[in-house]
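Below is one structure; the comments refer to it alone.
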Amino acid sequence: LQHSNYISFCRICVITLAEAHPLLQSGKTIKSINYQISANCSRLQNKVSGKSKRGAQFLTELAPLCRISSSDGEEYTIYSCIRGRLIEVNENILSNPTLLQEKPSTEGYIAVVLPKFEESKSITQGLLTQKEYEEVLLKRLNSS
Amino acid sequence: MSSLTEKDRPVVQLLLNTGTCPRCILRFCCVGSQTLYRHPYKDLMKDLKEFLKNNREKEDTVGFDVVDPPCKRLRLEHTREGPDDVNHNGVLQQIPSVNDENAAVENSTVKVCNVCLGILQEFCEADFVKKVCQKVHSADYQFTSFVFSVSLPPQLSVRERAAWLLVKQEMGNLGLSLAKDDIVQLKEAYKWIIHPQLSEELGVPADGKVLFEVSVVFAHPETDEECHFLATACPDCFKPAKNKQSVFTRMAVIKALEKIKEEDFLKHFPCPSSSPENFCVALEIQCNNGAVFVAGRYNKYSRNLPQTPWIIDGERKLESSVEELISEHLMAEFKADSFNFSSSGREDVDVRTLGNGRPFAIELVNPRRVHFTAEEMKGLQQTINNSSDKIQVRDLQLVTREAIGRMKEGEEEKTKTYSALIWTDKAIQREDIAFLDDIKELKLDQKTPLRVLHRRPLAVRCRLIHTMKSEYIDEHHFRLQLKTQAGTYIKEFVHGDFGRTKPNIGSLLNRTADILELDVESVDVDWPPTL
């Protein structure tokens, strides 16, 4: 799964595209981004209320956040990778898809997820640090 | 007994016979003279008996000249005969002869009053007054007047009702009426007697409006179950609540007594009431002072100090806090139990508060000392300022509870000014940032910052940046002074918070910007008054 996650010490997770994601390689142009992941579910309809974020769509690791089509006909599904409540998806990339490619780790983020309090520590431990990620990529490169 | 008259005799006799103390007897005869109640118990008892004896003597000696209503005489004869006194209602039970009016011997032991259970007996005595004052003195409070509050066991209301019904009936037989409101209230009579004694011993007057309260809780476990019959008669008055230990609170009992019909009451409760074995006990004697409020303004010079203690999972993450550094000394001087700190907004751990400082107020709960002169407050301020270089306070003063509202107003309505040290990724020249100075009333849309999103609801805030003034430092740094609406997130305005605050410095300059340092330059609230 080629995403990366940013966790501040207050448990909030921001889902962004990882460096090595195909969409971030040169030559790719994004045609469209779709938050409607199934007939009944659109991430755009996610509504949360109150401090405890009631009403949020609950995400498992393999829950799709959105589908992105590139102009060369490819379609990529972006998965949550994190268990938790969906707080918001980034609507700015809908109106401005280049944001996703130009600033993938900041303004081009995909979604904000809040894991359960009890699970936040184990989730953090299950992720790769920047260094570990680079090692994975290196291995991948060497094996191919 | 100048306040007791002819018509009171039957009632006095009846109540005395059924085990009621002299002061309660005076109450039910509607005697309003406070001084009478203050007479020593023994004297009152003696005088009452004299009063009754005189009546008898008059009868014997005067003979025909005195016209006593026949039923009254009948009543007296009845009581002299003693038991098996059945009244018209078939309700009045045996009247035990507690104090035989013919006996010349005075009872040396005081029987517990069947109405006040001893409140107007033992608890009016000098011994009890001494006990209360000892407690007050040992608690070491500073006060110039006091409020004495008393909590009575609920069954007293039940016994009071029984006594009223008894007396009402007796007076009815004489063609007289007795309204419940005409009877002197037990608490009122008690305060008539005890206030002067407490005042004398403590050296200060009693004053109903004052905050220093001495409270006593009385209990009479022996008769606690007497109220229970009311639950069957008026079940809806007694709803169990989670916090209350017993469902039979004073309020609930009084409410039930208002509802219950006379016949039902008399069916379930003996009238006259029984004489208990024991007196009431004073469960607790407590002192409490109303809270005092200290206000001021604080400056924060540390970039490593939280406003309130930062403790996660029982572990303190950062040493001390603004509120602790200020309150520590106040708590010691005022000798309070605890404090509540509030301020007109707050700043992050790593943000300094400069200029005039931020208004704050501290509520000191149950302080032992309450009087401080302006000089003493100044001294306190100096002590606080000498104790730490991380914070400084000014304008330290005592304020009222109402004044706190002005401070909270400030939090939502008043402007603040800031100074931010900003970094940019791409180089900047002076011309690149000059335009910021000309922007007025810039409207921001700020989504709840990610750094607080775990504990705040998701929302969008519209806030105004009123003015800005830039100060070029080098190609990647500049200082920005801003004057903003209350509630604006400055850090997010600088770095954009993943684009969730729009516009932001980054978007305005078309670069990536981040904030290196933030200072609060002023909090534009003109409270508390400058000293």
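Residues in the structure tokens are named by chain (A, B, ... in the order shown) and by number from 1 within that chain; ligands are numbered from 1 in the order shown.
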
May I have the residues of chain B within 7 Å of chain A, counting only C-alpha atoms, written as an MDAnalysis selection string? chainID B and resid 450:451 454:458 498:499

When DSSP is applied to the backbone of this structure, which of chain A are assigned strand (DSSP E or B)? Write them out as a ChimeraX atom specification. /A:3-7,13-17,30-34,36,42,49,54,58-59,64-70,75-79,84-89,111-114

Go ahead and dump the residues you just picked, N, CA and C atoms, as a compact mmCIF listing (two decimals), in the first residue's frame.
# COMPACT_ATOMS: atom_id res chain seq x y z
N HIS A 3 0.72 4.48 0.55
CA HIS A 3 0.35 5.77 1.13
C HIS A 3 1.31 6.06 2.25
N SER A 4 1.26 7.21 2.73
CA SER A 4 1.99 7.49 3.97
C SER A 4 1.04 8.18 4.91
N ASN A 5 1.40 8.13 6.12
CA ASN A 5 0.52 8.73 7.11
C ASN A 5 1.30 9.67 8.01
N TYR A 6 0.66 10.73 8.37
CA TYR A 6 1.26 11.72 9.27
C TYR A 6 0.48 11.72 10.56
N ILE A 7 1.16 11.44 11.62
CA ILE A 7 0.44 11.45 12.90
C ILE A 7 1.07 12.47 13.83
N CYS A 13 -4.68 11.66 12.15
CA CYS A 13 -3.89 11.14 11.03
C CYS A 13 -4.31 11.83 9.75
N VAL A 14 -3.33 12.23 8.99
CA VAL A 14 -3.61 12.80 7.68
C VAL A 14 -3.11 11.81 6.64
N ILE A 15 -4.00 11.38 5.76
CA ILE A 15 -3.63 10.41 4.73
C ILE A 15 -3.18 11.16 3.48
N THR A 16 -1.97 10.82 3.03
CA THR A 16 -1.46 11.46 1.82
C THR A 16 -0.87 10.39 0.91
N LEU A 17 -0.56 10.75 -0.31
CA LEU A 17 0.08 9.80 -1.22
C LEU A 17 1.56 9.68 -0.88
N ILE A 30 -3.54 13.88 -13.83
CA ILE A 30 -4.77 13.40 -13.20
C ILE A 30 -5.96 13.91 -14.01
N LYS A 31 -6.82 12.96 -14.37
CA LYS A 31 -8.01 13.33 -15.13
C LYS A 31 -9.15 13.69 -14.19
N SER A 32 -9.38 12.79 -13.21
CA SER A 32 -10.49 13.07 -12.27
C SER A 32 -10.28 12.36 -10.93
N ILE A 33 -10.92 12.91 -9.95
CA ILE A 33 -10.89 12.31 -8.61
C ILE A 33 -12.33 12.10 -8.18
N ASN A 34 -12.62 10.90 -7.74
CA ASN A 34 -14.00 10.58 -7.39
C ASN A 34 -14.11 10.05 -5.97
N GLN A 36 -16.96 9.15 -4.73
CA GLN A 36 -18.09 8.21 -4.66
C GLN A 36 -17.52 6.82 -4.83
N SER A 42 -20.60 7.89 -0.53
CA SER A 42 -19.75 8.96 -1.03
C SER A 42 -19.04 9.57 0.17
N SER A 49 -20.28 15.43 13.91
CA SER A 49 -20.72 16.49 14.80
C SER A 49 -20.18 16.26 16.20
N ARG A 54 -19.37 12.28 16.13
CA ARG A 54 -20.46 11.34 15.87
C ARG A 54 -20.90 11.42 14.43
N PHE A 58 -17.04 5.03 9.40
CA PHE A 58 -15.92 4.31 10.02
C PHE A 58 -15.11 3.61 8.94
N LEU A 59 -13.78 3.74 9.03
CA LEU A 59 -12.90 3.17 8.02
C LEU A 59 -12.07 2.03 8.59
N PRO A 64 -11.84 2.06 0.82
CA PRO A 64 -11.41 3.02 -0.20
C PRO A 64 -11.80 4.44 0.20
N LEU A 65 -10.87 5.37 -0.04
CA LEU A 65 -11.17 6.77 0.23
C LEU A 65 -11.65 7.44 -1.06
N CYS A 66 -10.92 7.17 -2.15
CA CYS A 66 -11.32 7.75 -3.42
C CYS A 66 -10.68 6.96 -4.56
N ARG A 67 -11.17 7.24 -5.76
CA ARG A 67 -10.58 6.64 -6.96
C ARG A 67 -10.10 7.76 -7.84
N ILE A 68 -8.85 7.60 -8.30
CA ILE A 68 -8.25 8.65 -9.13
C ILE A 68 -7.95 8.09 -10.50
N SER A 69 -8.44 8.79 -11.54
CA SER A 69 -8.16 8.36 -12.92
C SER A 69 -7.12 9.28 -13.52
N SER A 70 -6.16 8.66 -14.20
CA SER A 70 -5.16 9.47 -14.89
C SER A 70 -5.52 9.51 -16.37
N GLU A 75 -6.60 3.65 -13.46
CA GLU A 75 -7.40 4.07 -12.31
C GLU A 75 -6.76 3.55 -11.05
N TYR A 76 -6.62 4.39 -10.09
CA TYR A 76 -6.00 4.02 -8.82
C TYR A 76 -7.00 4.21 -7.70
N THR A 77 -7.07 3.18 -6.82
CA THR A 77 -7.90 3.33 -5.63
C THR A 77 -7.00 3.66 -4.45
N ILE A 78 -7.36 4.69 -3.74
CA ILE A 78 -6.58 5.09 -2.56
C ILE A 78 -7.30 4.56 -1.32
N TYR A 79 -6.57 3.74 -0.57
CA TYR A 79 -7.16 3.12 0.62
C TYR A 79 -6.78 3.86 1.88
N GLY A 84 -10.32 3.91 11.71
CA GLY A 84 -10.73 5.07 12.49
C GLY A 84 -11.91 5.78 11.87
N ARG A 85 -12.26 6.91 12.48
CA ARG A 85 -13.37 7.69 11.95
C ARG A 85 -12.88 8.64 10.87
N LEU A 86 -13.60 8.72 9.76
CA LEU A 86 -13.27 9.67 8.72
C LEU A 86 -13.75 11.05 9.17
N ILE A 87 -12.83 11.98 9.30
CA ILE A 87 -13.19 13.33 9.74
C ILE A 87 -13.52 14.19 8.53
N GLU A 88 -12.61 14.19 7.55
CA GLU A 88 -12.90 14.98 6.35
C GLU A 88 -12.06 14.47 5.20
N VAL A 89 -12.57 14.71 3.96
CA VAL A 89 -11.75 14.46 2.77
C VAL A 89 -11.43 15.82 2.19
N ALA A 111 -7.18 12.70 3.04
CA ALA A 111 -8.22 12.66 4.08
C ALA A 111 -7.62 12.82 5.47
N VAL A 112 -8.50 13.12 6.42
CA VAL A 112 -8.12 13.20 7.84
C VAL A 112 -8.90 12.13 8.59
N VAL A 113 -8.17 11.28 9.34
CA VAL A 113 -8.81 10.18 10.05
C VAL A 113 -8.45 10.25 11.53
N LEU A 114 -9.40 9.95 12.39
CA LEU A 114 -9.16 9.92 13.83
C LEU A 114 -9.34 8.50 14.34

Contacts of stretch 329-331 of chain B at 10 Å or less, counting only C-alpha atoms, minus same-chain residues fewer than 2 places along, as a PyMOL selection string? chain B and resi 294+324-327+333-339+362+364-365+367-368+377+380-381+383-384+387

Using only C-alpha atoms, which of the listed residues (A:Gln101, A:Gln125, A:Asn40, A:Asn142) sits closest to A:Lys28?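 Smallest separation from A:Lys28 among the options: A:Gln101.
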
B:Ala374 surroundings by only C-alpha atoms, 12 Å radius, close-in-sequence under 2 positions cut, as a compact mmCIF listing (two decimals) with N, CA and C atoms, in the first residue's frame:
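Result written to out.txt:
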# COMPACT_ATOMS: atom_id res chain seq x y z
N HIS B 371 -9.60 39.61 54.41
CA HIS B 371 -9.35 41.05 54.37
C HIS B 371 -7.91 41.35 54.03
N PHE B 372 -7.71 42.03 52.94
CA PHE B 372 -6.37 42.45 52.53
C PHE B 372 -6.43 43.91 52.11
N GLU B 376 -1.27 45.37 51.16
CA GLU B 376 -0.99 43.94 51.28
C GLU B 376 -1.07 43.25 49.92
N MET B 377 -2.04 43.68 49.10
CA MET B 377 -2.17 43.10 47.77
C MET B 377 -0.94 43.41 46.94
N LYS B 378 -0.45 44.63 47.11
CA LYS B 378 0.76 45.03 46.38
C LYS B 378 1.93 44.14 46.79
N GLY B 379 1.98 43.89 48.10
CA GLY B 379 3.04 43.03 48.63
C GLY B 379 2.94 41.63 48.07
N LEU B 380 1.71 41.12 47.96
CA LEU B 380 1.48 39.79 47.41
C LEU B 380 1.96 39.72 45.96
N GLN B 381 1.63 40.80 45.24
CA GLN B 381 2.04 40.88 43.84
C GLN B 381 3.55 40.80 43.74
N ASP B 395 -1.47 44.72 38.49
CA ASP B 395 -2.86 45.10 38.80
C ASP B 395 -3.58 44.07 39.66
N LEU B 396 -2.85 43.42 40.56
CA LEU B 396 -3.46 42.39 41.40
C LEU B 396 -4.43 43.04 42.39
N GLN B 397 -5.68 42.57 42.40
CA GLN B 397 -6.70 43.21 43.25
C GLN B 397 -7.84 42.25 43.53
N LEU B 398 -8.58 42.57 44.61
CA LEU B 398 -9.78 41.80 44.92
C LEU B 398 -10.92 42.32 44.07
N LEU B 531 -4.01 49.64 38.21
CA LEU B 531 -3.75 50.23 39.53
C LEU B 531 -2.61 51.24 39.46

Just the residues within 8 Å of stretch 123-128 of chain B, please, counting only C-alpha atoms, with nothing from its chain fewer than 3 positions along; format it as a PyMOL selection string. chain B and resi 118-120+131-132+190+193-194+197

Atomic separation - atom CA of B:Leu508 relative to atom CA of B:Arg463, Å: 16.3 Å

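Considering only C-alpha atoms, the residue among A:Gln130, A:Thr98, A:Leu137, A:Ser120 positioned nearest to A:His21 is A:Leu137.
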
Could you check which of A:Leu62, A:Ala18, A:Leu24, A:Leu128 is closest to A:Glu102, using only C-alpha atoms?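 Of A:Leu62, A:Ala18, A:Leu24, A:Leu128, the one nearest A:Glu102 is A:Leu24, counting only C-alpha atoms.
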
Would you return as an mmCIF file with C-alpha atoms, in the first residue's frame the members of stretch 101-275 of chain B that DSSP assigns to alpha helix (DSSP H) on this structure's backbone?
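Wrote selection.cif, looks like this:
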data_model
loop_
_atom_site.group_PDB
_atom_site.id
_atom_site.type_symbol
_atom_site.label_atom_id
_atom_site.label_comp_id
_atom_site.auth_asym_id
_atom_site.auth_seq_id
_atom_site.Cartn_x
_atom_site.Cartn_y
_atom_site.Cartn_z
ATOM 1 C CA ALA B 126 -23.866 27.564 77.235
ATOM 2 C CA ASP B 127 -22.076 24.230 76.851
ATOM 3 C CA PHE B 128 -23.190 23.821 73.290
ATOM 4 C CA VAL B 129 -22.421 27.447 72.481
ATOM 5 C CA LYS B 130 -18.912 26.880 73.809
ATOM 6 C CA LYS B 131 -18.528 23.779 71.681
ATOM 7 C CA VAL B 132 -19.528 25.670 68.526
ATOM 8 C CA CYS B 133 -17.220 28.567 69.295
ATOM 9 C CA GLN B 134 -14.338 26.226 69.994
ATOM 10 C CA LYS B 135 -14.804 24.741 66.538
ATOM 11 C CA VAL B 136 -14.920 28.190 64.994
ATOM 12 C CA HIS B 137 -11.790 29.332 66.794
ATOM 13 C CA SER B 138 -9.837 26.226 65.925
ATOM 14 C CA ALA B 139 -10.770 26.588 62.262
ATOM 15 C CA GLN B 155 -39.033 14.083 61.674
ATOM 16 C CA LEU B 156 -39.237 17.359 63.577
ATOM 17 C CA SER B 157 -41.702 18.595 60.954
ATOM 18 C CA VAL B 158 -43.814 15.523 61.551
ATOM 19 C CA ARG B 159 -43.818 16.011 65.324
ATOM 20 C CA GLU B 160 -44.549 19.711 64.885
ATOM 21 C CA ARG B 161 -47.582 18.788 62.826
ATOM 22 C CA ALA B 162 -48.760 16.326 65.469
ATOM 23 C CA ALA B 163 -48.396 18.984 68.177
ATOM 24 C CA TRP B 164 -50.309 21.517 66.118
ATOM 25 C CA LEU B 165 -53.159 19.096 65.539
ATOM 26 C CA LEU B 166 -53.265 18.365 69.257
ATOM 27 C CA VAL B 167 -53.329 22.021 70.244
ATOM 28 C CA LYS B 168 -55.742 22.955 67.462
ATOM 29 C CA GLN B 169 -58.196 20.385 68.706
ATOM 30 C CA GLU B 170 -57.873 21.546 72.303
ATOM 31 C CA MET B 171 -58.471 25.136 71.294
ATOM 32 C CA GLY B 172 -61.322 24.070 69.101
ATOM 33 C CA ASN B 173 -62.994 22.712 72.197
ATOM 34 C CA LEU B 186 -38.738 26.262 65.883
ATOM 35 C CA LYS B 187 -35.773 27.535 63.882
ATOM 36 C CA GLU B 188 -36.735 31.123 64.564
ATOM 37 C CA ALA B 189 -37.019 30.601 68.306
ATOM 38 C CA TYR B 190 -33.748 28.717 68.291
ATOM 39 C CA LYS B 191 -31.955 31.578 66.589
ATOM 40 C CA TRP B 192 -33.494 34.076 69.060
ATOM 41 C CA ILE B 193 -31.841 32.144 71.832
ATOM 42 C CA ILE B 194 -28.554 31.153 70.332
ATOM 43 C CA HIS B 195 -27.549 34.147 68.209
ATOM 44 C CA PRO B 196 -26.920 36.493 71.139
ATOM 45 C CA GLN B 197 -24.906 33.818 72.903
ATOM 46 C CA LEU B 198 -22.811 33.076 69.819
ATOM 47 C CA SER B 199 -22.348 36.781 69.130
ATOM 48 C CA GLU B 200 -21.145 37.319 72.655
ATOM 49 C CA GLU B 201 -18.737 34.413 72.612
ATOM 50 C CA LEU B 202 -17.364 35.124 69.113
ATOM 51 C CA PHE B 229 -45.385 6.403 56.882
ATOM 52 C CA LEU B 230 -45.514 9.457 54.635
ATOM 53 C CA ALA B 231 -44.104 7.389 51.777
ATOM 54 C CA THR B 232 -47.126 5.127 51.798
ATOM 55 C CA ALA B 233 -49.526 8.038 52.138
ATOM 56 C CA ARG B 250 -36.609 17.725 54.716
ATOM 57 C CA MET B 251 -38.143 19.133 51.560
ATOM 58 C CA ALA B 252 -39.810 15.870 50.610
ATOM 59 C CA VAL B 253 -41.242 15.431 54.118
ATOM 60 C CA ILE B 254 -42.575 19.002 54.197
ATOM 61 C CA LYS B 255 -44.157 18.538 50.799
ATOM 62 C CA ALA B 256 -45.832 15.329 51.915
ATOM 63 C CA LEU B 257 -47.107 16.978 55.080
ATOM 64 C CA GLU B 258 -48.717 19.670 52.961
ATOM 65 C CA LYS B 259 -50.504 17.056 50.918
ATOM 66 C CA GLU B 262 -55.482 15.346 58.660
ATOM 67 C CA GLU B 263 -57.359 12.071 59.124
ATOM 68 C CA ASP B 264 -54.682 10.104 57.334
ATOM 69 C CA PHE B 265 -51.966 11.734 59.382
ATOM 70 C CA LEU B 266 -53.683 10.905 62.652
ATOM 71 C CA LYS B 267 -54.220 7.332 61.498
ATOM 72 C CA HIS B 268 -50.518 6.741 61.124
#

If we count only C-alpha atoms, what is near B:Val216 at a cut-off of 7 Å, once residues fewer than 2 positions away on the same chain are taken out, given as a ChimeraX atom specification? /B:149-151,214,218,282,284-286
